[in-house]
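Reviewing the structure listed below.
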Amino acid sequence: MSDHRLQDAIDTLKESGVRITPQRHAVLEYLVESMSHPTADDIYKALEHKFPNMSVATVYNNLRVLREIGLVRELTYGDSSSRFDCNTSDHYHAICESCGKIVDFHYPRLDEVESLAEQVTGFHVSHHRMEVYGTCSECRSKAAH
């Protein structure tokens with residue numbers, strides 16, 4: 001599955017005229033294979049052994065390019081570091097309040113919420129984001145022991 005997604009993403013890069021550097025390929029591959037919604041630092045730490053001359057700025061620049069092309073979503077949470085999601089299909093997130101783990105889940109789009117928000121506020125709504133918060137099973141198991 002991830003091989004197919006990686007190839008599709010590489011094809012999208014090529015169609016966009018973006019040069020596919022070894023670092024860009026590695027960042028993209030890491031994101032496609034990762035289900036953890038990593039930060040730029042997480043990606044840098046995972047790849048620094050492979051690319052000792054790569055800087056955190058290189059990771060950020062690659063993430064920006066991937067975001068602009070639409071291959072990656074940037075998830076911002078107030079003051080904490082942005083997380084990056086390679087799953088750009090419509091989905092929502094469950095977030096553990098103990099460890100910060102983010103898990104995707106699917107639910108029908110909430111188009112009626114966007115319509116109501118437009119009617120009530122007068123905004124033209126471009127999109128929405130829904131997150132649910134709680135404690136993941138791993139953290140609950142640790143707390144029980």
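All residue names refer to the structure tokens as shown: chains lettered A, B, ... in order, residues numbered from 1 in each chain, ligands numbered from 1 in order.
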Counting only C-alpha atoms, give me one row per residue of region 75-95 of chain A with an atom at most 8 Å from an atom of region 26-37 of chain A, showing the shortest contact pair and its distance in Å to one decimal, sorted by chain then residue number, as a tab-separated table.
residue	atom	partner	partner_atom	distance
A:Arg83	CA	A:His37	CA	5.5
A:Phe84	CA	A:His37	CA	5.1
A:Asp85	CA	A:His37	CA	5.1
A:Cys86	CA	A:Leu31	CA	5.8
A:Asn87	CA	A:Val32	CA	8.0
Can you list every residue in chain A that DSSP puts in strand (DSSP E or B), as a ChimeraX atom specification?
/A:73-77,80-85,92-96,102-105,131-134
Region 45-50 of chain A surroundings by only C-alpha atoms, 12 Å radius, close-in-sequence under 2 positions cut, as a PyMOL selection string
chain A and resi 22-31+34+38-43+52-56+58-59
Excluding region 101-112 of chain A and its own-chain neighbours fewer than 2 positions away, which residues fall within 12 Å of it when counting only C-alpha atoms? Please give them as a PDB file with N, CA and C atoms, in the first residue's frame.
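Generated file (selection.pdb):
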ATOM      1  N   SER A  34       4.972   6.669   7.708  1.00  0.00           N
ATOM      2  CA  SER A  34       4.691   6.996   9.100  1.00  0.00           C
ATOM      3  C   SER A  34       3.203   7.235   9.306  1.00  0.00           C
ATOM      4  N   MET A  35       2.665   6.645  10.348  1.00  0.00           N
ATOM      5  CA  MET A  35       1.267   6.895  10.682  1.00  0.00           C
ATOM      6  C   MET A  35       1.186   7.774  11.936  1.00  0.00           C
ATOM      7  N   SER A  36       2.335   8.344  12.325  1.00  0.00           N
ATOM      8  CA  SER A  36       2.406   9.036  13.618  1.00  0.00           C
ATOM      9  C   SER A  36       2.220  10.547  13.533  1.00  0.00           C
ATOM     10  N   HIS A  37       2.012  11.106  12.339  1.00  0.00           N
ATOM     11  CA  HIS A  37       1.872  12.552  12.182  1.00  0.00           C
ATOM     12  C   HIS A  37       3.084  13.257  12.795  1.00  0.00           C
ATOM     13  N   PRO A  38       4.272  13.007  12.232  1.00  0.00           N
ATOM     14  CA  PRO A  38       5.510  13.499  12.847  1.00  0.00           C
ATOM     15  C   PRO A  38       5.691  15.012  12.748  1.00  0.00           C
ATOM     16  N   THR A  39       6.544  15.533  13.632  1.00  0.00           N
ATOM     17  CA  THR A  39       6.972  16.931  13.552  1.00  0.00           C
ATOM     18  C   THR A  39       8.174  16.969  12.593  1.00  0.00           C
ATOM     19  N   LEU A  75      -0.611  20.266  10.420  1.00  0.00           N
ATOM     20  CA  LEU A  75      -1.553  20.347  11.534  1.00  0.00           C
ATOM     21  C   LEU A  75      -0.924  21.213  12.612  1.00  0.00           C
ATOM     22  N   TYR A  77      -1.148  23.185  16.313  1.00  0.00           N
ATOM     23  CA  TYR A  77      -1.794  23.084  17.619  1.00  0.00           C
ATOM     24  C   TYR A  77      -1.232  24.160  18.534  1.00  0.00           C
ATOM     25  N   ARG A  83       2.539  19.337  13.211  1.00  0.00           N
ATOM     26  CA  ARG A  83       2.653  17.922  12.852  1.00  0.00           C
ATOM     27  C   ARG A  83       2.289  17.830  11.372  1.00  0.00           C
ATOM     28  N   PHE A  84       2.778  16.805  10.693  1.00  0.00           N
ATOM     29  CA  PHE A  84       2.553  16.687   9.261  1.00  0.00           C
ATOM     30  C   PHE A  84       1.866  15.368   8.937  1.00  0.00           C
ATOM     31  N   ASP A  85       0.870  15.461   8.064  1.00  0.00           N
ATOM     32  CA  ASP A  85       0.013  14.329   7.739  1.00  0.00           C
ATOM     33  C   ASP A  85       0.035  14.109   6.230  1.00  0.00           C
ATOM     34  N   CYS A  86       0.458  12.919   5.819  1.00  0.00           N
ATOM     35  CA  CYS A  86       0.527  12.592   4.401  1.00  0.00           C
ATOM     36  C   CYS A  86      -0.826  12.101   3.872  1.00  0.00           C
ATOM     37  N   ASN A  87      -1.760  11.853   4.778  1.00  0.00           N
ATOM     38  CA  ASN A  87      -3.101  11.437   4.364  1.00  0.00           C
ATOM     39  C   ASN A  87      -3.915  12.705   4.131  1.00  0.00           C
ATOM     40  N   THR A  88      -4.099  13.072   2.869  1.00  0.00           N
ATOM     41  CA  THR A  88      -4.806  14.316   2.557  1.00  0.00           C
ATOM     42  C   THR A  88      -6.282  14.074   2.228  1.00  0.00           C
ATOM     43  N   SER A  89      -6.744  12.820   2.399  1.00  0.00           N
ATOM     44  CA  SER A  89      -8.170  12.554   2.204  1.00  0.00           C
ATOM     45  C   SER A  89      -8.935  13.147   3.402  1.00  0.00           C
ATOM     46  N   ASP A  90     -10.250  13.287   3.258  1.00  0.00           N
ATOM     47  CA  ASP A  90     -11.048  13.823   4.357  1.00  0.00           C
ATOM     48  C   ASP A  90     -11.063  12.818   5.507  1.00  0.00           C
ATOM     49  N   HIS A  91     -10.564  13.233   6.645  1.00  0.00           N
ATOM     50  CA  HIS A  91     -10.583  12.386   7.839  1.00  0.00           C
ATOM     51  C   HIS A  91     -10.397  13.272   9.061  1.00  0.00           C
ATOM     52  N   TYR A  92     -10.559  12.672  10.217  1.00  0.00           N
ATOM     53  CA  TYR A  92     -10.474  13.403  11.477  1.00  0.00           C
ATOM     54  C   TYR A  92      -9.392  12.779  12.349  1.00  0.00           C
ATOM     55  N   HIS A  93      -9.132  13.409  13.494  1.00  0.00           N
ATOM     56  CA  HIS A  93      -8.058  12.945  14.367  1.00  0.00           C
ATOM     57  C   HIS A  93      -8.531  12.744  15.800  1.00  0.00           C
ATOM     58  N   ALA A  94      -8.051  11.653  16.406  1.00  0.00           N
ATOM     59  CA  ALA A  94      -8.196  11.417  17.840  1.00  0.00           C
ATOM     60  C   ALA A  94      -6.808  11.659  18.427  1.00  0.00           C
ATOM     61  N   ILE A  95      -6.747  12.482  19.482  1.00  0.00           N
ATOM     62  CA  ILE A  95      -5.464  12.902  20.038  1.00  0.00           C
ATOM     63  C   ILE A  95      -5.389  12.517  21.511  1.00  0.00           C
ATOM     64  N   CYS A  96      -4.309  11.824  21.882  1.00  0.00           N
ATOM     65  CA  CYS A  96      -4.111  11.417  23.277  1.00  0.00           C
ATOM     66  C   CYS A  96      -3.594  12.612  24.077  1.00  0.00           C
ATOM     67  N   GLU A  97      -4.290  12.910  25.149  1.00  0.00           N
ATOM     68  CA  GLU A  97      -3.889  14.038  26.010  1.00  0.00           C
ATOM     69  C   GLU A  97      -2.681  13.702  26.869  1.00  0.00           C
ATOM     70  N   SER A  98      -2.342  12.407  26.977  1.00  0.00           N
ATOM     71  CA  SER A  98      -1.180  12.029  27.792  1.00  0.00           C
ATOM     72  C   SER A  98       0.113  12.034  26.985  1.00  0.00           C
ATOM     73  N   CYS A  99       0.114  11.338  25.843  1.00  0.00           N
ATOM     74  CA  CYS A  99       1.365  11.191  25.084  1.00  0.00           C
ATOM     75  C   CYS A  99       1.399  11.997  23.787  1.00  0.00           C
ATOM     76  N   GLU A 114     -20.636  23.005   8.091  1.00  0.00           N
ATOM     77  CA  GLU A 114     -20.104  24.125   7.312  1.00  0.00           C
ATOM     78  C   GLU A 114     -21.242  25.025   6.832  1.00  0.00           C
ATOM     79  N   SER A 115     -22.335  24.422   6.357  1.00  0.00           N
ATOM     80  CA  SER A 115     -23.494  25.210   5.894  1.00  0.00           C
ATOM     81  C   SER A 115     -24.079  26.038   7.021  1.00  0.00           C
ATOM     82  N   LEU A 116     -24.251  25.411   8.174  1.00  0.00           N
ATOM     83  CA  LEU A 116     -24.803  26.129   9.329  1.00  0.00           C
ATOM     84  C   LEU A 116     -23.874  27.261   9.757  1.00  0.00           C
ATOM     85  N   ALA A 117     -22.574  26.988   9.776  1.00  0.00           N
ATOM     86  CA  ALA A 117     -21.605  28.016  10.160  1.00  0.00           C
ATOM     87  C   ALA A 117     -21.685  29.204   9.208  1.00  0.00           C
ATOM     88  N   GLU A 118     -21.847  28.947   7.920  1.00  0.00           N
ATOM     89  CA  GLU A 118     -21.980  30.037   6.946  1.00  0.00           C
ATOM     90  C   GLU A 118     -23.243  30.848   7.217  1.00  0.00           C
ATOM     91  N   GLN A 119     -24.349  30.148   7.476  1.00  0.00           N
ATOM     92  CA  GLN A 119     -25.619  30.840   7.720  1.00  0.00           C
ATOM     93  C   GLN A 119     -25.554  31.692   8.992  1.00  0.00           C
ATOM     94  N   VAL A 125     -17.117  29.514   4.377  1.00  0.00           N
ATOM     95  CA  VAL A 125     -16.293  28.478   5.016  1.00  0.00           C
ATOM     96  C   VAL A 125     -15.511  27.728   3.944  1.00  0.00           C
ATOM     97  N   SER A 126     -14.189  27.673   4.126  1.00  0.00           N
ATOM     98  CA  SER A 126     -13.339  26.965   3.158  1.00  0.00           C
ATOM     99  C   SER A 126     -13.123  25.510   3.554  1.00  0.00           C
ATOM    100  N   HIS A 127     -13.084  25.237   4.862  1.00  0.00           N
ATOM    101  CA  HIS A 127     -12.856  23.870   5.336  1.00  0.00           C
ATOM    102  C   HIS A 127     -13.069  23.833   6.844  1.00  0.00           C
ATOM    103  N   HIS A 128     -13.007  22.638   7.393  1.00  0.00           N
ATOM    104  CA  HIS A 128     -13.088  22.496   8.848  1.00  0.00           C
ATOM    105  C   HIS A 128     -12.144  21.384   9.288  1.00  0.00           C
ATOM    106  N   ARG A 129     -11.916  21.327  10.584  1.00  0.00           N
ATOM    107  CA  ARG A 129     -11.049  20.308  11.154  1.00  0.00           C
ATOM    108  C   ARG A 129     -11.698  19.853  12.450  1.00  0.00           C
ATOM    109  N   MET A 130     -11.834  18.548  12.626  1.00  0.00           N
ATOM    110  CA  MET A 130     -12.406  18.046  13.873  1.00  0.00           C
ATOM    111  C   MET A 130     -11.394  17.135  14.553  1.00  0.00           C
ATOM    112  N   GLU A 131     -11.282  17.320  15.854  1.00  0.00           N
ATOM    113  CA  GLU A 131     -10.394  16.493  16.661  1.00  0.00           C
ATOM    114  C   GLU A 131     -11.151  16.072  17.897  1.00  0.00           C
ATOM    115  N   VAL A 132     -10.908  14.845  18.317  1.00  0.00           N
ATOM    116  CA  VAL A 132     -11.443  14.393  19.599  1.00  0.00           C
ATOM    117  C   VAL A 132     -10.250  14.093  20.490  1.00  0.00           C
ATOM    118  N   TYR A 133     -10.395  14.353  21.756  1.00  0.00           N
ATOM    119  CA  TYR A 133      -9.297  14.195  22.707  1.00  0.00           C
ATOM    120  C   TYR A 133      -9.655  13.171  23.763  1.00  0.00           C
ATOM    121  N   GLY A 134      -8.662  12.440  24.210  1.00  0.00           N
ATOM    122  CA  GLY A 134      -8.864  11.438  25.252  1.00  0.00           C
ATOM    123  C   GLY A 134      -7.535  10.800  25.599  1.00  0.00           C
ATOM    124  N   THR A 135      -7.591   9.564  26.085  1.00  0.00           N
ATOM    125  CA  THR A 135      -6.388   8.839  26.473  1.00  0.00           C
ATOM    126  C   THR A 135      -6.322   7.554  25.655  1.00  0.00           C
ATOM    127  N   CYS A 136      -5.196   7.349  24.972  1.00  0.00           N
ATOM    128  CA  CYS A 136      -5.047   6.162  24.115  1.00  0.00           C
ATOM    129  C   CYS A 136      -4.954   4.901  24.975  1.00  0.00           C
ATOM    130  N   SER A 137      -5.124   3.758  24.332  1.00  0.00           N
ATOM    131  CA  SER A 137      -5.116   2.480  25.054  1.00  0.00           C
ATOM    132  C   SER A 137      -3.770   2.219  25.729  1.00  0.00           C
ATOM    133  N   GLU A 138      -2.654   2.606  25.072  1.00  0.00           N
ATOM    134  CA  GLU A 138      -1.339   2.382  25.687  1.00  0.00           C
ATOM    135  C   GLU A 138      -1.197   3.171  26.991  1.00  0.00           C
ATOM    136  N   CYS A 139      -1.620   4.443  26.985  1.00  0.00           N
ATOM    137  CA  CYS A 139      -1.520   5.261  28.191  1.00  0.00           C
ATOM    138  C   CYS A 139      -2.466   4.764  29.279  1.00  0.00           C
TER     139      CYS A 139
END
Please, which residues of region 44-102 of chain A, numbered as in this document, come out alpha helix (DSSP H) from DSSP, as a PyMOL selection string?
chain A and resi 44-47+56-69
Selected residues, all heavy atoms, written as a CSV table (one decimal), in the first residue's frame, please.
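In the end it all went to result.csv:
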chain,number,residue,atom,x,y,z
A,44,TYR,N,13.6,14.9,10.9
A,44,TYR,CA,15.0,15.2,10.9
A,44,TYR,C,15.8,14.1,11.6
A,44,TYR,O,16.8,13.6,11.1
A,44,TYR,CB,15.3,16.6,11.5
A,44,TYR,CG,16.7,16.8,11.7
A,44,TYR,CD1,17.6,17.1,10.6
A,44,TYR,CD2,17.3,16.8,12.9
A,44,TYR,CE1,18.9,17.3,10.7
A,44,TYR,CE2,18.7,17.1,13.1
A,44,TYR,CZ,19.5,17.3,12.0
A,44,TYR,OH,20.8,17.5,12.2
A,45,LYS,N,15.3,13.8,12.8
A,45,LYS,CA,16.0,12.8,13.7
A,45,LYS,C,16.0,11.4,13.0
A,45,LYS,O,17.0,10.7,13.1
A,45,LYS,CB,15.4,12.7,15.1
A,45,LYS,CG,15.7,13.9,15.9
A,45,LYS,CD,15.0,13.9,17.2
A,45,LYS,CE,15.3,15.2,18.0
A,45,LYS,NZ,14.2,15.6,18.9
A,46,ALA,N,14.9,11.1,12.3
A,46,ALA,CA,14.8,9.8,11.7
A,46,ALA,C,15.7,9.7,10.5
A,46,ALA,O,16.2,8.6,10.1
A,46,ALA,CB,13.4,9.5,11.3
A,47,LEU,N,16.0,10.8,9.8
A,47,LEU,CA,16.8,10.8,8.6
A,47,LEU,C,18.2,11.3,8.7
A,47,LEU,O,19.0,11.1,7.8
A,47,LEU,CB,16.1,11.6,7.5
A,47,LEU,CG,14.7,11.2,7.2
A,47,LEU,CD1,14.0,12.1,6.1
A,47,LEU,CD2,14.7,9.8,6.6
A,56,VAL,N,17.8,20.9,9.7
A,56,VAL,CA,16.3,20.9,10.0
A,56,VAL,C,15.7,21.9,9.0
A,56,VAL,O,14.5,21.6,8.6
A,56,VAL,CB,16.1,21.4,11.5
A,56,VAL,CG1,14.6,21.5,11.8
A,56,VAL,CG2,16.8,20.5,12.5
A,57,ALA,N,16.4,22.9,8.6
A,57,ALA,CA,15.8,23.9,7.7
A,57,ALA,C,15.5,23.2,6.3
A,57,ALA,O,14.4,23.5,5.7
A,57,ALA,CB,16.8,25.0,7.4
A,58,THR,N,16.3,22.2,5.9
A,58,THR,CA,16.1,21.4,4.7
A,58,THR,C,14.8,20.7,4.9
A,58,THR,O,14.0,20.6,3.9
A,58,THR,CB,17.2,20.5,4.4
A,58,THR,OG1,18.4,21.2,4.3
A,58,THR,CG2,17.0,19.7,3.2
A,59,VAL,N,14.5,20.1,6.0
A,59,VAL,CA,13.3,19.3,6.3
A,59,VAL,C,12.1,20.3,6.2
A,59,VAL,O,11.1,20.0,5.5
A,59,VAL,CB,13.3,18.6,7.7
A,59,VAL,CG1,12.0,18.0,8.0
A,59,VAL,CG2,14.4,17.6,7.7
A,60,TYR,N,12.2,21.4,6.8
A,60,TYR,CA,11.1,22.4,6.8
A,60,TYR,C,10.8,22.9,5.4
A,60,TYR,O,9.7,23.0,4.9
A,60,TYR,CB,11.4,23.6,7.7
A,60,TYR,CG,11.0,23.4,9.1
A,60,TYR,CD1,11.9,23.2,10.1
A,60,TYR,CD2,9.7,23.5,9.5
A,60,TYR,CE1,11.6,23.0,11.4
A,60,TYR,CE2,9.3,23.3,10.8
A,60,TYR,CZ,10.2,23.1,11.8
A,60,TYR,OH,9.9,22.9,13.1
A,61,ASN,N,11.9,23.1,4.6
A,61,ASN,CA,11.7,23.6,3.2
A,61,ASN,C,11.0,22.5,2.4
A,61,ASN,O,10.2,22.8,1.6
A,61,ASN,CB,13.1,24.0,2.6
A,61,ASN,CG,13.6,25.3,3.2
A,61,ASN,OD1,12.8,26.1,3.7
A,61,ASN,ND2,14.9,25.4,3.2
A,62,ASN,N,11.4,21.3,2.6
A,62,ASN,CA,10.8,20.2,1.8
A,62,ASN,C,9.3,20.0,2.2
A,62,ASN,O,8.5,19.8,1.4
A,62,ASN,CB,11.6,18.9,2.0
A,62,ASN,CG,12.8,18.8,1.1
A,62,ASN,OD1,12.7,18.8,-0.1
A,62,ASN,ND2,14.0,18.7,1.7
A,63,LEU,N,9.1,20.1,3.5
A,63,LEU,CA,7.7,20.0,4.0
A,63,LEU,C,6.8,21.2,3.4
A,63,LEU,O,5.7,20.9,3.0
A,63,LEU,CB,7.6,20.1,5.5
A,63,LEU,CG,8.1,18.8,6.2
A,63,LEU,CD1,8.3,19.1,7.7
A,63,LEU,CD2,7.2,17.6,6.0
A,64,ARG,N,7.4,22.4,3.3
A,64,ARG,CA,6.7,23.5,2.7
A,64,ARG,C,6.3,23.2,1.3
A,64,ARG,O,5.2,23.4,0.8
A,64,ARG,CB,7.5,24.8,2.8
A,64,ARG,CG,6.8,26.0,2.2
A,64,ARG,CD,7.7,27.2,2.3
A,64,ARG,NE,9.1,27.0,1.8
A,64,ARG,CZ,9.4,26.9,0.5
A,64,ARG,NH1,8.6,27.0,-0.4
A,64,ARG,NH2,10.7,26.7,0.2
A,65,VAL,N,7.3,22.7,0.5
A,65,VAL,CA,7.1,22.4,-0.9
A,65,VAL,C,6.0,21.3,-1.0
A,65,VAL,O,5.0,21.4,-1.8
A,65,VAL,CB,8.4,21.9,-1.6
A,65,VAL,CG1,8.1,21.3,-2.9
A,65,VAL,CG2,9.3,23.0,-1.7
A,66,LEU,N,6.1,20.2,-0.2
A,66,LEU,CA,5.1,19.2,-0.2
A,66,LEU,C,3.7,19.6,0.1
A,66,LEU,O,2.7,19.2,-0.4
A,66,LEU,CB,5.5,18.0,0.7
A,66,LEU,CG,6.8,17.3,0.3
A,66,LEU,CD1,7.3,16.3,1.4
A,66,LEU,CD2,6.7,16.6,-1.1
A,67,ARG,N,3.6,20.6,1.1
A,67,ARG,CA,2.4,21.2,1.5
A,67,ARG,C,1.8,22.0,0.4
A,67,ARG,O,0.6,21.9,0.1
A,67,ARG,CB,2.5,22.0,2.8
A,67,ARG,CG,1.2,22.5,3.4
A,67,ARG,CD,1.4,23.5,4.5
A,67,ARG,NE,1.9,24.7,3.9
A,67,ARG,CZ,2.9,25.4,4.3
A,67,ARG,NH1,3.7,25.0,5.3
A,67,ARG,NH2,3.3,26.5,3.7
A,68,GLU,N,2.6,22.8,-0.3
A,68,GLU,CA,2.1,23.7,-1.3
A,68,GLU,C,1.6,22.9,-2.5
A,68,GLU,O,0.6,23.3,-3.2
A,68,GLU,CB,3.2,24.6,-1.8
A,68,GLU,CG,3.5,25.7,-0.8
A,68,GLU,CD,4.8,26.5,-1.1
A,68,GLU,OE1,5.5,26.2,-2.1
A,68,GLU,OE2,5.1,27.5,-0.3
A,69,ILE,N,2.2,21.7,-2.8
A,69,ILE,CA,1.7,20.9,-3.9
A,69,ILE,C,0.4,20.1,-3.5
A,69,ILE,O,-0.3,19.6,-4.3
A,69,ILE,CB,2.8,19.9,-4.3
A,69,ILE,CG1,4.0,20.7,-4.9
A,69,ILE,CG2,2.3,18.9,-5.3
A,69,ILE,CD1,5.2,19.8,-5.1
Selected residue, from A:Gly78, A:Ala144, A:His124, A:Leu71, that lies nearest to Gln7 (chain A) when counting only C-alpha atoms
A:Leu71
In Å to one decimal, how far is CA of Gly70 (chain A) from CA of Glu15 (chain A)?
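Answer for the CA of Glu15 (chain A) to CA of Gly70 (chain A) separation: 12.4 Å.
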Two-atom distance - CA of Phe51 (chain A), CA of Ile20 (chain A) (Å)
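According to the coordinates, CA of Phe51 (chain A) and CA of Ile20 (chain A) are separated by 15.1 Å.
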